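Structure file entry_23.cif (mmCIF, C-alpha atoms) is printed below.
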```
data_query
loop_
_atom_site.label_atom_id
_atom_site.label_comp_id
_atom_site.auth_asym_id
_atom_site.auth_seq_id
_atom_site.Cartn_x
_atom_site.Cartn_y
_atom_site.Cartn_z
CA MET A 260 -10.69 23.30 -15.41
CA GLY A 261 -9.74 20.07 -13.66
CA LEU A 262 -6.86 19.59 -16.07
CA PHE A 263 -5.46 23.05 -15.36
CA THR A 264 -5.87 22.57 -11.63
CA ASP A 265 -4.01 19.27 -11.85
CA LEU A 266 -1.28 20.87 -13.98
CA ARG A 267 -0.88 23.76 -11.54
CA ASP A 268 -0.72 21.40 -8.54
CA SER A 269 1.80 19.19 -10.30
CA ILE A 270 4.08 22.10 -11.20
CA SER A 271 3.73 23.48 -7.69
CA ARG A 272 4.82 20.14 -6.19
CA ALA A 273 7.83 19.95 -8.51
CA VAL A 274 8.86 23.53 -7.66
CA ASP A 275 8.45 22.84 -3.93
CA ARG A 276 10.77 19.86 -4.23
CA MET A 277 13.36 21.79 -6.25
CA PHE A 278 13.67 24.53 -3.64
CA SER A 279 13.54 22.39 -0.54
CA ASP A 280 16.95 20.73 -0.89
CA SER A 281 18.18 22.09 2.42
CA GLU A 282 15.28 20.51 4.36
CA PRO A 283 15.56 16.85 5.36
CA LYS A 284 13.61 14.64 2.97
CA ARG A 285 10.86 12.63 4.63
CA ILE A 286 11.30 9.05 3.49
CA GLY A 287 8.37 6.76 4.21
CA ILE A 288 9.09 3.08 4.81
CA TYR A 289 6.09 1.26 3.36
CA GLY A 290 5.12 -2.32 2.67
CA PRO A 291 2.79 -5.12 3.77
CA PRO A 292 2.64 -6.24 7.41
CA ASN A 293 5.63 -8.29 8.68
CA ALA A 294 7.97 -7.31 5.83
CA GLY A 295 10.55 -5.99 8.33
CA LYS A 296 9.89 -2.26 8.02
CA THR A 297 10.55 -1.46 11.68
CA THR A 298 13.62 -3.72 11.75
CA LEU A 299 14.97 -1.71 8.79
CA ALA A 300 14.02 1.64 10.34
CA ASN A 301 15.75 0.63 13.56
CA ARG A 302 18.82 -0.60 11.69
CA ILE A 303 19.16 2.72 9.82
CA ALA A 304 18.45 4.81 12.93
CA ARG A 305 20.89 2.82 15.11
CA ASP A 306 23.65 2.91 12.48
CA TRP A 307 23.49 6.70 12.09
CA THR A 308 22.00 8.10 15.32
CA GLY A 309 22.45 5.36 17.93
CA ASP A 310 18.69 5.30 18.74
CA ALA A 311 15.90 2.95 17.69
CA VAL A 312 12.58 3.94 16.12
CA GLY A 313 10.20 1.42 17.66
CA PRO A 314 9.65 -2.15 18.89
CA GLU A 315 9.91 -5.07 16.45
CA SER A 316 7.74 -8.17 16.56
CA HIS A 317 6.73 -11.22 14.53
CA ILE A 318 3.06 -10.48 15.34
CA PRO A 319 1.46 -8.55 12.44
CA HIS A 320 0.61 -4.89 13.03
CA GLU A 321 3.14 -4.33 15.81
CA THR A 322 3.56 -0.82 14.36
CA ARG A 323 0.20 0.89 14.59
CA ARG A 324 1.28 4.52 14.41
CA ALA A 325 3.58 6.18 11.89
CA ARG A 326 6.82 6.97 13.74
CA ARG A 327 9.30 9.55 12.59
CA LYS A 328 13.02 9.65 13.33
CA GLU A 329 14.25 13.10 12.40
CA ASN A 330 17.57 14.27 11.02
CA VAL A 331 19.22 10.99 10.19
CA GLU A 332 22.49 11.97 8.51
CA ILE A 333 23.84 9.34 6.16
CA GLU A 334 27.37 9.85 4.82
CA ARG A 335 28.25 8.38 1.47
CA ASN A 336 31.12 9.21 -0.91
CA GLY A 337 32.04 12.36 1.01
CA LYS A 338 28.47 13.63 0.81
CA THR A 339 25.99 13.90 3.68
CA VAL A 340 22.33 13.09 3.10
CA ASN A 341 19.86 14.31 5.70
CA ILE A 342 16.58 12.40 5.93
CA ASP A 343 13.65 11.91 8.28
CA ILE A 344 12.69 8.24 8.45
CA VAL A 345 8.96 7.58 8.71
CA ASP A 346 8.22 4.01 9.79
CA THR A 347 4.62 3.23 8.81
CA PRO A 348 2.12 0.50 9.75
CA GLY A 349 1.86 -2.37 7.25
CA VAL A 350 -0.75 -1.67 4.61
CA THR A 351 -3.65 -4.07 4.13
CA THR A 352 -7.29 -3.97 3.00
CA LYS A 353 -8.57 -6.15 5.84
CA VAL A 354 -8.00 -6.61 9.55
CA ASP A 355 -9.66 -9.41 11.54
CA TYR A 356 -9.09 -9.36 15.29
CA LYS A 357 -9.41 -13.17 15.35
CA GLU A 358 -5.96 -13.41 13.70
CA PHE A 359 -4.46 -11.93 16.86
CA LEU A 360 -6.15 -14.57 19.02
CA GLU A 361 -3.79 -17.07 17.38
CA HIS A 362 -0.91 -15.18 19.03
CA ASP A 363 -2.17 -15.97 22.55
CA MET A 364 -3.97 -12.68 22.94
CA GLU A 365 -7.18 -12.15 24.94
CA LYS A 366 -10.20 -11.01 22.92
CA ASP A 367 -10.21 -7.49 24.40
CA ASP A 368 -6.53 -7.03 23.56
CA ALA A 369 -7.03 -8.46 20.06
CA VAL A 370 -9.98 -6.13 19.38
CA ARG A 371 -8.02 -3.13 20.64
CA ARG A 372 -5.00 -4.11 18.55
CA SER A 373 -7.16 -4.50 15.42
CA ARG A 374 -8.79 -1.12 15.99
CA GLU A 375 -5.39 0.53 16.40
CA ALA A 376 -4.14 -1.32 13.32
CA THR A 377 -6.97 0.02 11.15
CA GLU A 378 -6.31 3.55 12.38
CA GLY A 379 -2.63 3.06 11.63
CA VAL A 380 -3.21 1.88 8.05
CA ALA A 381 -5.52 4.86 7.39
CA GLU A 382 -2.83 7.14 8.81
CA ALA A 383 -0.16 5.51 6.62
CA MET A 384 -2.26 6.12 3.50
CA HIS A 385 -2.71 9.73 4.50
CA TRP A 386 1.05 10.20 4.99
CA LEU A 387 1.63 8.71 1.55
CA ARG A 388 -0.70 11.17 -0.14
CA GLU A 389 0.39 14.25 1.81
CA ASP A 390 3.58 14.03 3.77
CA VAL A 391 6.43 11.98 2.30
CA ASP A 392 9.07 12.98 -0.26
CA GLY A 393 10.24 9.49 -1.16
CA VAL A 394 9.44 5.86 -0.43
CA ILE A 395 11.38 2.78 0.57
CA TYR A 396 9.07 -0.14 -0.22
CA VAL A 397 10.02 -3.16 1.88
CA LEU A 398 9.06 -6.69 0.85
CA ASP A 399 9.69 -10.02 2.50
CA SER A 400 11.71 -11.83 -0.18
CA THR A 401 10.41 -15.22 0.99
CA GLU A 402 6.84 -14.21 0.09
CA ASP A 403 5.06 -13.87 -3.27
CA PRO A 404 5.33 -10.19 -4.29
CA PHE A 405 2.39 -10.39 -6.75
CA THR A 406 -0.23 -9.32 -4.24
CA GLN A 407 -2.98 -6.79 -4.74
CA VAL A 408 -1.73 -4.57 -1.91
CA ASN A 409 1.75 -4.40 -3.46
CA THR A 410 0.35 -3.70 -6.92
CA MET A 411 -1.92 -0.95 -5.60
CA LEU A 412 0.67 0.64 -3.34
CA ILE A 413 3.33 0.78 -6.04
CA GLY A 414 0.70 2.27 -8.39
CA ILE A 415 -0.24 4.88 -5.78
CA ILE A 416 3.44 5.78 -5.19
CA GLU A 417 4.05 6.08 -8.94
CA SER A 418 0.99 8.29 -9.36
CA GLN A 419 2.45 10.65 -6.73
CA ASP A 420 5.70 10.85 -8.71
CA LEU A 421 7.66 9.94 -5.59
CA PRO A 422 11.13 8.41 -5.93
CA VAL A 423 10.93 4.79 -4.79
CA LEU A 424 13.43 2.07 -3.93
CA ILE A 425 12.30 -1.52 -3.45
CA PHE A 426 14.09 -3.42 -0.70
CA ALA A 427 13.96 -7.21 -0.85
CA ASN A 428 14.35 -8.00 2.85
CA LYS A 429 15.06 -11.22 4.77
CA THR A 430 17.78 -12.47 2.40
CA ASP A 431 19.21 -14.39 5.36
CA LEU A 432 16.34 -16.88 5.10
CA ASP A 433 16.72 -20.04 2.97
CA ASP A 434 13.67 -19.50 0.76
CA SER A 435 14.50 -15.87 -0.06
CA ASN A 436 13.96 -15.09 -3.74
CA VAL A 437 15.13 -11.59 -4.70
CA GLN A 438 14.76 -12.16 -8.44
CA ARG A 439 11.02 -12.79 -8.04
CA ILE A 440 10.66 -9.26 -6.61
CA ALA A 441 12.85 -7.73 -9.32
CA ASN A 442 10.67 -9.47 -11.93
CA ALA A 443 7.46 -8.24 -10.30
CA PHE A 444 8.49 -4.57 -10.38
CA PRO A 445 11.01 -4.24 -13.23
CA GLN A 446 10.40 -0.49 -13.49
CA HIS A 447 12.09 0.05 -10.09
CA GLU A 448 15.46 -0.80 -8.62
CA THR A 449 15.42 -3.74 -6.21
CA VAL A 450 18.05 -3.87 -3.47
CA PRO A 451 18.55 -7.13 -1.51
CA LEU A 452 19.23 -6.95 2.22
CA SER A 453 18.74 -8.51 5.60
CA ALA A 454 17.78 -5.71 7.98
CA LEU A 455 17.93 -8.18 10.86
CA GLU A 456 21.46 -9.38 10.15
CA GLY A 457 22.69 -6.11 8.65
CA ASN A 458 23.63 -7.76 5.34
CA ASN A 459 24.30 -5.54 2.29
CA MET A 460 23.74 -2.31 4.24
CA ASP A 461 26.59 -0.57 2.35
CA GLU A 462 24.61 -0.86 -0.88
CA VAL A 463 21.40 0.12 0.96
CA TYR A 464 22.95 3.38 2.21
CA GLY A 465 24.53 4.05 -1.16
CA LYS A 466 21.15 3.73 -2.87
CA ILE A 467 19.40 5.87 -0.23
CA ALA A 468 21.98 8.63 -0.81
CA GLU A 469 21.65 8.26 -4.59
CA TYR A 470 17.83 8.29 -4.69
CA PHE A 471 16.95 10.65 -1.87
CA GLY A 472 20.00 12.89 -1.52
CA MET B 30 -34.67 -13.59 -16.48
CA PRO B 31 -37.06 -12.62 -13.66
CA GLU B 32 -35.84 -9.76 -11.48
CA VAL B 33 -35.61 -9.84 -7.71
CA THR B 34 -35.43 -6.66 -5.69
CA PRO B 35 -32.31 -5.95 -3.63
CA GLY B 36 -32.61 -7.59 -0.25
CA GLU B 37 -34.53 -10.54 -1.67
CA THR B 38 -31.50 -12.48 -2.85
CA GLY B 39 -32.23 -15.33 -0.41
CA ASN B 40 -29.32 -17.74 -0.31
CA GLY B 41 -27.60 -16.23 -3.32
CA VAL B 42 -24.78 -13.75 -3.63
CA GLN B 43 -25.53 -10.48 -5.40
CA ILE B 44 -23.02 -9.35 -8.01
CA ASP B 45 -23.07 -5.73 -9.17
CA LEU B 46 -21.36 -5.16 -12.50
CA ILE B 47 -20.77 -1.42 -12.70
CA SER B 48 -19.95 0.07 -16.07
CA GLY B 49 -17.33 2.73 -16.67
CA ALA B 50 -20.10 5.05 -17.85
CA ARG B 51 -21.95 4.68 -14.53
CA MET B 52 -18.83 5.63 -12.58
CA GLU B 53 -17.74 8.44 -14.88
CA GLY B 54 -19.94 11.17 -13.48
CA LEU B 55 -19.27 10.34 -9.83
CA THR B 56 -16.84 12.05 -7.49
CA SER B 57 -14.14 9.94 -5.79
CA MET B 58 -16.10 9.75 -2.55
CA GLU B 59 -19.31 8.83 -4.36
CA LYS B 60 -17.49 5.97 -6.08
CA ILE B 61 -16.03 4.77 -2.78
CA ARG B 62 -19.43 5.00 -1.09
CA LEU B 63 -21.08 3.08 -3.93
CA ILE B 64 -18.47 0.32 -3.61
CA LEU B 65 -18.41 0.08 0.18
CA ASP B 66 -22.21 0.25 0.57
CA GLY B 67 -22.50 -2.70 -1.82
CA VAL B 68 -19.69 -4.67 -0.19
CA ARG B 69 -21.02 -4.06 3.32
CA ASP B 70 -24.34 -5.52 2.16
CA GLY B 71 -22.45 -8.68 1.21
CA ASN B 72 -22.37 -7.99 -2.52
CA ILE B 73 -19.53 -8.58 -4.95
CA VAL B 74 -18.82 -5.40 -6.89
CA VAL B 75 -17.17 -5.62 -10.30
CA LEU B 76 -15.95 -2.37 -11.85
CA GLU B 77 -15.51 -2.34 -15.58
CA GLU B 78 -12.83 0.34 -15.45
CA GLY B 79 -11.48 0.32 -11.91
CA LEU B 80 -10.32 3.25 -9.80
CA SER B 81 -7.47 5.72 -10.09
CA PRO B 82 -4.48 5.20 -7.74
CA ASP B 83 -5.64 8.15 -5.65
CA GLU B 84 -9.12 6.64 -5.35
CA GLU B 85 -7.62 3.27 -4.43
CA SER B 86 -5.66 5.00 -1.70
CA LYS B 87 -8.82 6.63 -0.36
CA LEU B 88 -10.73 3.35 -0.64
CA ILE B 89 -8.16 1.68 1.65
CA GLU B 90 -8.34 4.61 4.07
CA VAL B 91 -12.15 4.68 4.25
CA THR B 92 -12.33 0.88 4.48
CA MET B 93 -10.04 1.00 7.51
CA THR B 94 -12.25 3.52 9.26
CA GLU B 95 -15.30 1.26 8.76
CA ILE B 96 -13.83 -2.03 10.01
CA SER B 97 -15.69 -3.20 13.06
CA PRO B 98 -15.10 -6.44 15.04
CA ASP B 99 -17.57 -9.28 14.21
CA GLU B 100 -19.29 -6.99 11.70
CA PHE B 101 -17.00 -5.90 8.86
CA ASN B 102 -13.41 -7.14 8.42
CA GLY B 103 -12.58 -5.11 5.36
CA ILE B 104 -12.40 -5.87 1.68
CA GLU B 105 -10.75 -8.21 -0.74
CA ILE B 106 -9.86 -6.43 -3.96
CA GLU B 107 -8.31 -7.80 -7.12
CA THR B 108 -7.22 -6.20 -10.36
CA TYR B 109 -4.97 -7.55 -13.06
CA PRO B 110 -1.36 -6.58 -12.36
CA GLN B 111 -0.21 -3.62 -14.43
CA THR B 112 2.10 -4.73 -17.17
CA GLY B 113 4.94 -2.46 -18.22
CA GLY B 114 4.43 -0.35 -15.11
CA GLY B 115 5.57 3.22 -15.16
CA SER B 116 4.84 3.43 -18.86
CA LYS B 117 2.49 6.40 -18.75
CA GLY B 118 3.71 9.28 -20.84
CA PHE B 119 5.46 12.42 -19.72
CA LEU B 120 2.33 14.57 -20.05
CA GLY B 121 0.33 11.96 -18.17
CA ARG B 122 2.81 12.06 -15.32
CA LEU B 123 2.97 15.85 -15.40
CA ILE B 124 -0.75 16.31 -14.96
CA GLY B 125 -1.29 13.20 -12.90
CA LYS B 126 -3.64 11.62 -15.45
CA GLU B 127 -3.24 8.07 -16.57
CA SER B 128 -5.23 5.24 -17.95
CA ASN B 129 -6.66 3.24 -15.08
CA LYS B 130 -8.99 1.01 -17.05
CA LYS B 131 -8.63 -2.32 -15.36
CA LEU B 132 -11.36 -4.73 -14.36
CA THR B 133 -11.62 -4.66 -10.58
CA VAL B 134 -13.37 -7.14 -8.31
CA ILE B 135 -14.17 -6.09 -4.74
CA GLY B 136 -15.95 -8.09 -2.07
CA PRO B 137 -16.22 -8.54 1.69
CA ALA B 138 -12.96 -10.01 3.03
CA ASN B 139 -14.83 -12.81 4.82
CA GLN B 140 -16.77 -13.87 1.70
CA ILE B 141 -14.33 -13.75 -1.18
CA GLU B 142 -11.04 -15.56 -1.50
CA THR B 143 -8.65 -15.30 -4.42
CA LEU B 144 -7.74 -18.74 -5.69
CA HIS B 145 -5.49 -17.73 -8.53
CA LYS B 146 -4.35 -14.52 -10.13
CA ASP B 147 -2.07 -13.76 -13.01
CA GLU B 148 -1.87 -11.17 -15.74
CA ASN B 149 -4.84 -12.59 -17.61
CA LEU B 150 -6.99 -14.38 -15.06
CA ILE B 151 -8.53 -13.74 -11.66
CA SER B 152 -10.14 -16.81 -10.11
CA ALA B 153 -12.04 -16.27 -6.87
CA LEU B 154 -14.16 -18.32 -4.51
CA VAL B 155 -17.25 -16.52 -3.24
CA SER B 156 -19.16 -17.80 -0.25
CA ARG B 157 -22.47 -16.73 1.24
CA LYS B 158 -22.62 -14.70 4.44
#
```

Encoded form using structure tokens:
Amino acid sequence: MGLFTDLRDSISRAVDRMFSDSEPKRIGIYGPPNAGKTTLANRIARDWTGDAVGPESHIPHETRRARRKENVEIERNGKTVNIDIVDTPGVTTKVDYKEFLEHDMEKDDAVRRSREATEGVAEAMHWLREDVDGVIYVLDSTEDPFTQVNTMLIGIIESQDLPVLIFANKTDLDDSNVQRIANAFPQHETVPLSALEGNNMDEVYGKIAEYFG
Amino acid sequence: MPEVTPGETGNGVQIDLISGARMEGLTSMEKIRLILDGVRDGNIVVLEEGLSPDEESKLIEVTMTEISPDEFNGIEIETYPQTGGGSKGFLGRLIGKESNKKLTVIGPANQIETLHKDENLISALVSRK
């Protein structure tokens, strides 16, 4: 019974996707905290709509609510791709308010921020299971990509059969290592970029159009 | 080996090794409850066969809802990285089934620290509460 239910759900999802080409695809920007997800979301939104999505910060968990920028039209090779960008909170399995105290925050503010962060991560997981049509997975290319959160998240995305692009961000930094990310997830395409500096955005938009158009 | 009852572990750290057979008959939420109840008691939970991606997703979500300042900071979880990712067959992808047999270690974030991890080895430091 479970097998037939799974089969029916799976076919239903595939059919839904096939017949929903005219609707904008909801593309979730996922990744660990401080990978540059909001910087990327803002870069894409500013380039194609003139508006930003949300505030950027070096303090972890600046984004504590999933934010959606609707109807972002990306033009590539004479074709227009219409997507909704969903900027999500960085995914983690632990949040300790004491980490925020190191960023000159009062205890009350740190506790509130940690509570909002946990709600945001739960919300991001829910979006991933229910409400996105594709995923841009953003990694800081100066950091080790072989973390449990990355392994689990990529596994979860694969199990949902969602198209996924891996973006190796922060290539403007000296210790950036894009190949390490490509080696960690060889089953997916890795695109290098600096969302902050706007480096390699032509390839980024080309790949978005190719994968999510 | 003499047995102690749960709650009488003194200065030690309790490790629960849970077999695949024990988990097999449980629903996703029962599995997550079993894990989180153990971890919130300060235990290290080792799953012989791990969780499915969907269960891992729900574990993260439920963990987040239970984090409480100065009480529970969340979990540390480690599994071996999947090699040859995306290799499940067409039928497996079609019906959403896949092999998820991977040893999984889960503990309280403030008591377990991963020292080293590669495709064949997970080395962790466990401290008492």

Practice problem: Find the distance between CA of Met384 (chain A) and CA of Val331 (chain A) and write it in Å to one decimal. | Solution: 23.0 Å

Quiz item: Residues of chain A within 9 Å of chain B, using only C-alpha atoms, as a VMD selection string?
Solution: chain A and resid 262 to 270 350 to 357 370 373 to 374 376 to 385 387 to 388 405 to 408 410 to 412 414 to 420 444 to 447

Go ahead and write the selection's residues with C-alpha atoms as a compact mmCIF listing (two decimals), in the frame of the given file.
```txt
# COMPACT_ATOMS: atom_id res chain seq x y z
CA LEU A 262 -6.86 19.59 -16.07
CA PHE A 263 -5.46 23.05 -15.36
CA THR A 264 -5.87 22.57 -11.63
CA ASP A 265 -4.01 19.27 -11.85
CA LEU A 266 -1.28 20.87 -13.98
CA ARG A 267 -0.88 23.76 -11.54
CA ASP A 268 -0.72 21.40 -8.54
CA SER A 269 1.80 19.19 -10.30
CA ILE A 270 4.08 22.10 -11.20
CA VAL A 350 -0.75 -1.67 4.61
CA THR A 351 -3.65 -4.07 4.13
CA THR A 352 -7.29 -3.97 3.00
CA LYS A 353 -8.57 -6.15 5.84
CA VAL A 354 -8.00 -6.61 9.55
CA ASP A 355 -9.66 -9.41 11.54
CA TYR A 356 -9.09 -9.36 15.29
CA LYS A 357 -9.41 -13.17 15.35
CA VAL A 370 -9.98 -6.13 19.38
CA SER A 373 -7.16 -4.50 15.42
CA ARG A 374 -8.79 -1.12 15.99
CA ALA A 376 -4.14 -1.32 13.32
CA THR A 377 -6.97 0.02 11.15
CA GLU A 378 -6.31 3.55 12.38
CA GLY A 379 -2.63 3.06 11.63
CA VAL A 380 -3.21 1.88 8.05
CA ALA A 381 -5.52 4.86 7.39
CA GLU A 382 -2.83 7.14 8.81
CA ALA A 383 -0.16 5.51 6.62
CA MET A 384 -2.26 6.12 3.50
CA HIS A 385 -2.71 9.73 4.50
CA LEU A 387 1.63 8.71 1.55
CA ARG A 388 -0.70 11.17 -0.14
CA PHE A 405 2.39 -10.39 -6.75
CA THR A 406 -0.23 -9.32 -4.24
CA GLN A 407 -2.98 -6.79 -4.74
CA VAL A 408 -1.73 -4.57 -1.91
CA THR A 410 0.35 -3.70 -6.92
CA MET A 411 -1.92 -0.95 -5.60
CA LEU A 412 0.67 0.64 -3.34
CA GLY A 414 0.70 2.27 -8.39
CA ILE A 415 -0.24 4.88 -5.78
CA ILE A 416 3.44 5.78 -5.19
CA GLU A 417 4.05 6.08 -8.94
CA SER A 418 0.99 8.29 -9.36
CA GLN A 419 2.45 10.65 -6.73
CA ASP A 420 5.70 10.85 -8.71
CA PHE A 444 8.49 -4.57 -10.38
CA PRO A 445 11.01 -4.24 -13.23
CA GLN A 446 10.40 -0.49 -13.49
CA HIS A 447 12.09 0.05 -10.09
```

Any idea what's packed within 9 Å of Ile342 (chain A), counting all atoms listed in the file, ignoring anything in its chain fewer than 6 positions away? Could you give it as an mmCIF file with C-alpha atoms, keeping the file's coordinate frame?
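Listed below is the output, result21.cif:
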```cif
data_model
loop_
_atom_site.group_PDB
_atom_site.id
_atom_site.type_symbol
_atom_site.label_atom_id
_atom_site.label_comp_id
_atom_site.auth_asym_id
_atom_site.auth_seq_id
_atom_site.Cartn_x
_atom_site.Cartn_y
_atom_site.Cartn_z
ATOM 1 C CA GLU A 282 15.280 20.510 4.360
ATOM 2 C CA PRO A 283 15.560 16.850 5.360
ATOM 3 C CA LYS A 284 13.610 14.640 2.970
ATOM 4 C CA ARG A 285 10.860 12.630 4.630
ATOM 5 C CA ILE A 286 11.300 9.050 3.490
ATOM 6 C CA LYS A 328 13.020 9.650 13.330
ATOM 7 C CA GLU A 329 14.250 13.100 12.400
ATOM 8 C CA ASN A 330 17.570 14.270 11.020
ATOM 9 C CA VAL A 331 19.220 10.990 10.190
ATOM 10 C CA GLU A 332 22.490 11.970 8.510
ATOM 11 C CA ILE A 333 23.840 9.340 6.160
ATOM 12 C CA PHE A 471 16.950 10.650 -1.870
ATOM 13 C CA GLY A 472 20.000 12.890 -1.520
#
```

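Straight-line separation from CA of Ile413 (chain A) to CA of Glu334 (chain A): 27.9 Å.
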
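Near (12.3, -15.4, -0.7), the residues that fall inside 12 Å on the basis of all atoms listed in the file are Ala294, Leu398, Asp399, Ser400, Thr401, Glu402, Asp403, Pro404, Ala427, Asn428, Lys429, Thr430, Asp431, Leu432, Asp433, Asp434, Ser435, Asn436, Val437, Gln438, Arg439, Ile440, Ala441, Pro451, Leu452 and Ser453 of chain A.
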
Practice problem: Report the distance between CA of Arg371 (chain A) and CA of Pro314 (chain A) in Å, rounded to one decimal place. | Solution: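 Between CA of Arg371 (chain A) and CA of Pro314 (chain A) the gap is 17.8 Å.
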
Quiz prompt | Residue with smallest distance to Asp70 (chain B) - pool B:Thr143, B:Thr133, B:Ser48, B:Gln43, counting all atoms listed in the file | solution = B:Gln43

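Taken over the whole file, the PyMOL selection byres ((chain A and resi 317) around 12) covers exactly Pro292, Asn293, Ala294, Gly295, Lys296, Thr297, Thr298, Pro314, Glu315, Ser316, Ile318, Pro319, His320, Glu321, Thr322, Phe359 and His362 of chain A.
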
Exercise. Please determine the residues with any atom at most 12 Å from (-15.9, 7.0, -15.0) (coordinates as given in the file, with all atoms listed in the file counting) and report them as a PyMOL selection string.
Key: chain B and resi 47-57+59-60+76-81+84+128-131

Please write the residues from the selection above to a file, keeping C-alpha atoms, as a PDB file, in the coordinates of the input.
```
ATOM      1  CA  ILE B  47     -20.770  -1.420 -12.700  1.00  0.00           C
ATOM      2  CA  SER B  48     -19.950   0.070 -16.070  1.00  0.00           C
ATOM      3  CA  GLY B  49     -17.330   2.730 -16.670  1.00  0.00           C
ATOM      4  CA  ALA B  50     -20.100   5.050 -17.850  1.00  0.00           C
ATOM      5  CA  ARG B  51     -21.950   4.680 -14.530  1.00  0.00           C
ATOM      6  CA  MET B  52     -18.830   5.630 -12.580  1.00  0.00           C
ATOM      7  CA  GLU B  53     -17.740   8.440 -14.880  1.00  0.00           C
ATOM      8  CA  GLY B  54     -19.940  11.170 -13.480  1.00  0.00           C
ATOM      9  CA  LEU B  55     -19.270  10.340  -9.830  1.00  0.00           C
ATOM     10  CA  THR B  56     -16.840  12.050  -7.490  1.00  0.00           C
ATOM     11  CA  SER B  57     -14.140   9.940  -5.790  1.00  0.00           C
ATOM     12  CA  GLU B  59     -19.310   8.830  -4.360  1.00  0.00           C
ATOM     13  CA  LYS B  60     -17.490   5.970  -6.080  1.00  0.00           C
ATOM     14  CA  LEU B  76     -15.950  -2.370 -11.850  1.00  0.00           C
ATOM     15  CA  GLU B  77     -15.510  -2.340 -15.580  1.00  0.00           C
ATOM     16  CA  GLU B  78     -12.830   0.340 -15.450  1.00  0.00           C
ATOM     17  CA  GLY B  79     -11.480   0.320 -11.910  1.00  0.00           C
ATOM     18  CA  LEU B  80     -10.320   3.250  -9.800  1.00  0.00           C
ATOM     19  CA  SER B  81      -7.470   5.720 -10.090  1.00  0.00           C
ATOM     20  CA  GLU B  84      -9.120   6.640  -5.350  1.00  0.00           C
ATOM     21  CA  SER B 128      -5.230   5.240 -17.950  1.00  0.00           C
ATOM     22  CA  ASN B 129      -6.660   3.240 -15.080  1.00  0.00           C
ATOM     23  CA  LYS B 130      -8.990   1.010 -17.050  1.00  0.00           C
ATOM     24  CA  LYS B 131      -8.630  -2.320 -15.360  1.00  0.00           C
TER      25      LYS B 131
END
```

Self-check item: Selection near Ala300 (chain A), 9 Å with all atoms listed in the file, sequence-local residues under 2 positions removed, as a PyMOL selection string
Solution: chain A and resi 288+295-298+302-305+311-313+328+344-346+454
